[in-house]
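Chemist: This is the structure, below, for whatever I ask next.
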Amino acid sequence: MCHGYDAGKKIKGCKRHIVTDTLGLLIGSLVHGADIQDRNGAPDVLKSIRHAFPWLRHIFADAAYAGPKLRGALEEIGDWTVEIIKRSDSAKGFEVLPRRWVVERTFAWLGHCRRGASQNIVIGRRVSSEPLTLRLPI
């Protein structure tokens, strides 16, 4: 079970990092406490997929993953090119960003397919924290 609080995103509990292909199909995921910053959690999820997808070289990420700390951590893992997709400063309200919408759609599928919105499923009096099998609309 995750604990933590991210004051910037106002998230209590868990944060989810996912890696998708360009179609939005899930390649890898990592769940950790919300008190870990995005750029600190990214190397762990990329490390977890490195051996399964050795040909993967180009990563699209949002502005939360920008900075030299992430680039330094990724240099230790492998040969990665990180492209940060930023919102324009003049944008007001919601704006569809290239490549980022693919990941947001995958998060929406994952959120839609969860039973309720809880981390754990109560079965009788026993709490099960085993992962659920999700059927994603493709």
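Lettering and numbering for the structure tokens are positional, with chains as A, B, ... in the shown order, residues counted from 1 in each chain, and ligands counted from 1 in the shown order.
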Identify, with DSSP run on backbone atoms, the residues in region 4-101 of chain A assigned to strand (DSSP E), and express the list as a list in words.
Modeler: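 The residues of region 4-101 of chain A classed as strand (DSSP E) are Tyr5, Asp6, Ile11, Lys12, Cys14, Lys15, Arg16, His17, Ile18, Val19, Thr20, Leu26, Ile27, Gly28, Ser29, Leu30, Val31, His32, Gly33, His58, Ile59, Phe60, Ala61, Asp62, Thr81, Val82, Glu83, Ile84 and Ile85 of chain A.
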Chemist: Please return, as an MDAnalysis selection string, all residues of region 3-130 of chain A that DSSP assigns to helix (DSSP H, G or I) on the basis of the backbone.
Modeler: chainID A and resid 38:49 63:65 68:77 100:112
Chemist: I need the residue nearest Asp38 (chain A) from this list: A:Tyr65, A:Phe53, A:Phe60, A:Trp101. Use only C-alpha atoms for the distance.
Modeler: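 For Asp38 (chain A), the nearest of the given residues is A:Tyr65.
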Chemist: Between CA of Ile77 (chain A) and CA of Pro43 (chain A), what is the spacing in Å?
Modeler: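 These atoms are spaced 7.8 Å apart.
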Chemist: In Å to one decimal, how far is CA of Asp89 (chain A) from CA of Trp109 (chain A)?
Modeler: 28.7 Å
Chemist: Figure out the distance between CA of Gly24 (chain A) and CA of Gly67 (chain A), please, to one decimal in Å.
Modeler: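 Taking CA of Gly67 (chain A) and CA of Gly24 (chain A), their separation equals 24.6 Å.
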Chemist: Can you list, as a list in words, every protein, DNA or RNA residue that comes within 12 Å of Arg105 (chain A) when you count only C-alpha atoms, leaving out same-chain residues fewer than 2 positions away?
Modeler: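 Using only C-alpha atoms, the neighbours found are Ile18, Thr20, Thr22, Leu23, Gly24, Leu25, Leu26, Val96, Leu97, Arg99, Arg100, Trp101, Val102, Val103, Phe107, Ala108, Trp109, Leu110, Gly111, His112, Leu136, Pro137 and Ile138 of chain A.
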Chemist: Quick one: write out the picked residues with C-alpha atoms as an mmCIF file, in the first residue's frame?
Modeler:
data_model
loop_
_atom_site.group_PDB
_atom_site.id
_atom_site.type_symbol
_atom_site.label_atom_id
_atom_site.label_comp_id
_atom_site.auth_asym_id
_atom_site.auth_seq_id
_atom_site.Cartn_x
_atom_site.Cartn_y
_atom_site.Cartn_z
ATOM 1 C CA ILE A 18 3.633 4.266 -17.121
ATOM 2 C CA THR A 20 3.471 3.252 -23.494
ATOM 3 C CA THR A 22 3.146 5.372 -29.681
ATOM 4 C CA LEU A 23 -0.312 3.758 -29.866
ATOM 5 C CA GLY A 24 -0.830 3.983 -26.114
ATOM 6 C CA LEU A 25 -0.391 0.279 -25.362
ATOM 7 C CA LEU A 26 1.124 -0.296 -21.944
ATOM 8 C CA VAL A 96 -4.100 18.787 -26.503
ATOM 9 C CA LEU A 97 -0.351 18.229 -26.695
ATOM 10 C CA ARG A 99 2.334 12.582 -27.980
ATOM 11 C CA ARG A 100 1.228 13.411 -24.448
ATOM 12 C CA TRP A 101 -2.429 12.694 -25.180
ATOM 13 C CA VAL A 102 -1.474 9.070 -25.909
ATOM 14 C CA VAL A 103 -0.321 8.549 -22.323
ATOM 15 C CA PHE A 107 -4.340 6.586 -17.901
ATOM 16 C CA ALA A 108 -8.032 7.119 -18.697
ATOM 17 C CA TRP A 109 -8.373 3.483 -19.817
ATOM 18 C CA LEU A 110 -6.675 2.304 -16.642
ATOM 19 C CA GLY A 111 -8.883 4.511 -14.485
ATOM 20 C CA HIS A 112 -12.010 3.377 -16.302
ATOM 21 C CA LEU A 136 -8.314 -2.259 -22.217
ATOM 22 C CA PRO A 137 -10.438 -1.128 -25.174
ATOM 23 C CA ILE A 138 -8.169 -1.368 -28.195
#
Chemist: Near Gly72 (chain A), within 12 Å and counting only C-alpha atoms, which residues show up once chain neighbours fewer than 4 positions away are dropped, as a list in words?
Modeler: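 Once the nearby chain positions are removed, what remains is Arg39, Asn40, Ala42, Pro43, Ala66, Gly67, Pro68, Glu76, Ile77, Gly78, Asp79, Trp80, Thr81 and Val82 of chain A.
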Chemist: Can you list, as a list in words, every protein, DNA or RNA residue that comes within 9 Å of region 1-6 of chain A when you count only C-alpha atoms, leaving out same-chain residues fewer than 3 positions away?
Modeler: Lys9, Lys10, Ile11, Lys12, Gly13, Cys14, Lys15, Val31, His32, Gly33, Ala34, Asp35, Ile36, Gln37, Gln119, Asn120 and Ser129 of chain A
